[in-house]
Every structure is written in C-alpha cells, then in structure tokens.
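Asks: I'd like to ask some things about the structure below.
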Amino acid sequence: MTQRAPLLPLLLCAALAACASRPPVPDWQGSAQGAAQRATAAYLAGEDRVAQAEWTRARAEVARTGRPDLLARLALMDCAAQVASLALQPPVCERFEALRADAPAPERAYAAYLAGRASAQDAALLPEAHRQALAATGDPSAALAAMADPLARLVAAGALLQAGRASPAVMALAADTASAQGWRRPLLAWLLARAQRAEQAGNVEAAAALRRRVAVVESGGR
C-alpha cells in the first residue's frame, strides 16, 4: 500500500516481532505480542482487570530482554489505546515518560503526537497516515476516514482532540468507528464528548439523542 502500516500494529511488529520471519522466534516475542493484543482488546471493551493483567504479562515478557527501548514502545501501545478512548487526564503515558531517555526518536515523536504537541520535526517521524491527519488543513476528517485501521483512526481522532483540532465530523467519525467495532469504552467516551459539545452549542435535540445512545451502551441490553 502507499501508506505505511497503521501505527499500533507497526509498533507491535517492530518492537516485539521485528516484522520478519526469522525462525526460531524467541518465546518472549510471541508471548508479549499475544498479551499486548489481548490487553488492548480488553481495554477497548472496558474490561479493566483483564487489560491490566495482560499488560503486566506483556511487560514482564519484554523485560526479560533488559531493553528499556522495547518497554517504551509497549508503553506507547497502552497510551495510544487510552488516547483513542479519551482517557486524557494526567498521567497519560506515565510509563513511557519513565522510559523516555531510552526511547528512539520515532517513539518520542509519537508520544508528542498523542499528547497533541507534535512539532514539524515530530510529524516527519510519524507513519504516513498520521502525518496526513496532522498536516490536514481545515477539517481533518477525510484524512482520518482514509485510515484503514479502525484503532489507528481512533488514535488520530484522540490526538486531534488533544490538539484542539477535532471537528464535529472527526468526533462523529470516531464514535461511528468505535460503534462499528463494538468497542464499548471509546464509544461511550466519544458519545459523551459529542453530547457535551452539542449542549454547549445549544443543540438540545442532538445532545438528547446522543445521551440515549450512551444509555443503550451502559445498559448492556438489559
């Protein structure tokens, strides 16, 4: 494809599997990859205990290498899922910050992007799809819609919100993306953010409709 791979799979591949089939693969790589994937899926589903247990398992496997740069990349995966779900209160990326000194430049650039503080130098180190979202003038929703990976799209939307650039179209796209995937945590977060923005704009009817959707998700179908 013309775009670089979505960032989260790319980070996982680069950090934990080296994006190559060079048998035999060390046990820690497969174990860490599986745990990180399960942790991310559980977090997006709102299953905190499972997510925390799987992140602990993934970190323990990576720590066997004695490489803080790999732990930093793993921390960014956790952080990205939080940003995608609008869990933006400090300390977001606290684990990464503790490892920043050993993180490569692309990881430091991605951390700045997640925080909504990416510079031009940082942008040059991001995957192409995220560079395009960051560089979009006017409404960046088209750049996000072009992202094939739904989690990368939500991460980009969260980063734009952090930077104060999330248009109503971006927020609607994020909510629709989370809805299509059945990701409870980010869906609730984006629906509530949209409802609050609608209320601030005086659009009572739209806000009420969004809060009815929130109630459906929170009810669990009961």
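Scheme for the structure tokens: letters A, B, ... for chains in order shown; per-chain residue numbers from 1; ligand numbers from 1 in order shown.
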A:Trp55: which residues within 6 Å, counting only C-alpha atoms, same-chain residues fewer than 3 positions away excluded, as JSON, numbers by chain?
Replies: {"A": [39, 52, 58]}
Asks: How would the residues just chosen look if you wrote them out with all heavy atoms as a PDB file, in the first residue's frame?
Replies:
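The resulting file, selection_0.pdb, is reproduced below:
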```
ATOM      1  N   ALA A  39      -4.565  -7.374  25.828  1.00  0.00           N
ATOM      2  CA  ALA A  39      -4.713  -6.222  26.720  1.00  0.00           C
ATOM      3  C   ALA A  39      -5.437  -5.084  26.023  1.00  0.00           C
ATOM      4  O   ALA A  39      -6.329  -4.447  26.598  1.00  0.00           O
ATOM      5  CB  ALA A  39      -3.340  -5.756  27.195  1.00  0.00           C
ATOM      6  N   GLN A  52      -5.348  -4.979  32.593  1.00  0.00           N
ATOM      7  CA  GLN A  52      -4.208  -4.761  33.476  1.00  0.00           C
ATOM      8  C   GLN A  52      -3.373  -6.021  33.625  1.00  0.00           C
ATOM      9  O   GLN A  52      -2.137  -5.969  33.619  1.00  0.00           O
ATOM     10  CB  GLN A  52      -4.705  -4.275  34.835  1.00  0.00           C
ATOM     11  CG  GLN A  52      -5.289  -2.870  34.805  1.00  0.00           C
ATOM     12  CD  GLN A  52      -5.968  -2.490  36.108  1.00  0.00           C
ATOM     13  OE1 GLN A  52      -5.899  -3.220  37.091  1.00  0.00           O
ATOM     14  NE2 GLN A  52      -6.630  -1.345  36.108  1.00  0.00           N
ATOM     15  N   ALA A  58       2.603  -8.770  29.413  1.00  0.00           N
ATOM     16  CA  ALA A  58       3.390  -8.310  28.262  1.00  0.00           C
ATOM     17  C   ALA A  58       4.665  -7.610  28.718  1.00  0.00           C
ATOM     18  O   ALA A  58       5.752  -7.835  28.168  1.00  0.00           O
ATOM     19  CB  ALA A  58       2.548  -7.375  27.394  1.00  0.00           C
TER      20      ALA A  58
END
```
Asks: List the neighbours of A:Arg197 out to 10 Å using only C-alpha atoms; skip same-chain residues closer than 5 positions along the sequence, and give me the result as an NGL selection string.
Replies: :A and (168 or 171 or 191-192 or 202-203 or 206-207)
Asks: May I have the residues from that selection written out with N, CA and C atoms, as a PDB file, in the first residue's frame?
Replies:
```
ATOM      1  N   PRO A 168     -16.542  18.552  14.517  1.00  0.00           N
ATOM      2  CA  PRO A 168     -17.694  17.674  14.727  1.00  0.00           C
ATOM      3  C   PRO A 168     -17.656  16.435  13.843  1.00  0.00           C
ATOM      4  N   MET A 171     -15.290  13.916  15.372  1.00  0.00           N
ATOM      5  CA  MET A 171     -15.878  13.285  16.546  1.00  0.00           C
ATOM      6  C   MET A 171     -16.956  12.278  16.153  1.00  0.00           C
ATOM      7  N   LEU A 191     -19.249   9.426  22.452  1.00  0.00           N
ATOM      8  CA  LEU A 191     -20.654   9.853  22.503  1.00  0.00           C
ATOM      9  C   LEU A 191     -20.848  10.943  23.549  1.00  0.00           C
ATOM     10  N   LEU A 192     -20.220  10.774  24.703  1.00  0.00           N
ATOM     11  CA  LEU A 192     -20.339  11.788  25.749  1.00  0.00           C
ATOM     12  C   LEU A 192     -19.675  13.096  25.329  1.00  0.00           C
ATOM     13  N   GLY A 202     -25.956  24.548  22.232  1.00  0.00           N
ATOM     14  CA  GLY A 202     -27.389  24.783  22.364  1.00  0.00           C
ATOM     15  C   GLY A 202     -28.243  23.834  21.561  1.00  0.00           C
ATOM     16  N   ASN A 203     -27.647  22.746  21.055  1.00  0.00           N
ATOM     17  CA  ASN A 203     -28.398  21.784  20.251  1.00  0.00           C
ATOM     18  C   ASN A 203     -28.942  20.700  21.184  1.00  0.00           C
ATOM     19  N   ALA A 206     -29.988  17.140  19.547  1.00  0.00           N
ATOM     20  CA  ALA A 206     -28.869  16.267  19.214  1.00  0.00           C
ATOM     21  C   ALA A 206     -28.224  15.705  20.472  1.00  0.00           C
ATOM     22  N   ALA A 207     -28.078  16.529  21.492  1.00  0.00           N
ATOM     23  CA  ALA A 207     -27.480  16.065  22.741  1.00  0.00           C
ATOM     24  C   ALA A 207     -28.325  14.964  23.370  1.00  0.00           C
TER      25      ALA A 207
END
```
Asks: Using only C-alpha atoms, which of A:Leu44, A:Leu160, A:Ala103, A:Arg95 sits nearest A:Arg67?
Replies: A:Ala103
Asks: Please report, as a Markdown table, each residue of stretch 160-205 of chain A lying at most 10 Å from stretch 86-89 of chain A, together with the nearest pair of atoms and the separation in Å rounded to one decimal; use only C-alpha atoms, and order rows by chain and ascending residue number.
Replies:
```
| residue | atom | partner | partner_atom | distance |
| --- | --- | --- | --- | --- |
| A:Leu161 | CA | A:Leu86 | CA | 8.5 |
| A:Gln162 | CA | A:Leu88 | CA | 7.9 |
| A:Arg185 | CA | A:Leu86 | CA | 9.0 |
| A:Pro186 | CA | A:Leu86 | CA | 6.9 |
| A:Leu187 | CA | A:Leu86 | CA | 9.8 |
| A:Leu188 | CA | A:Leu86 | CA | 9.6 |
| A:Ala189 | CA | A:Leu86 | CA | 6.1 |
| A:Trp190 | CA | A:Leu86 | CA | 7.4 |
| A:Ala193 | CA | A:Leu86 | CA | 8.8 |
```
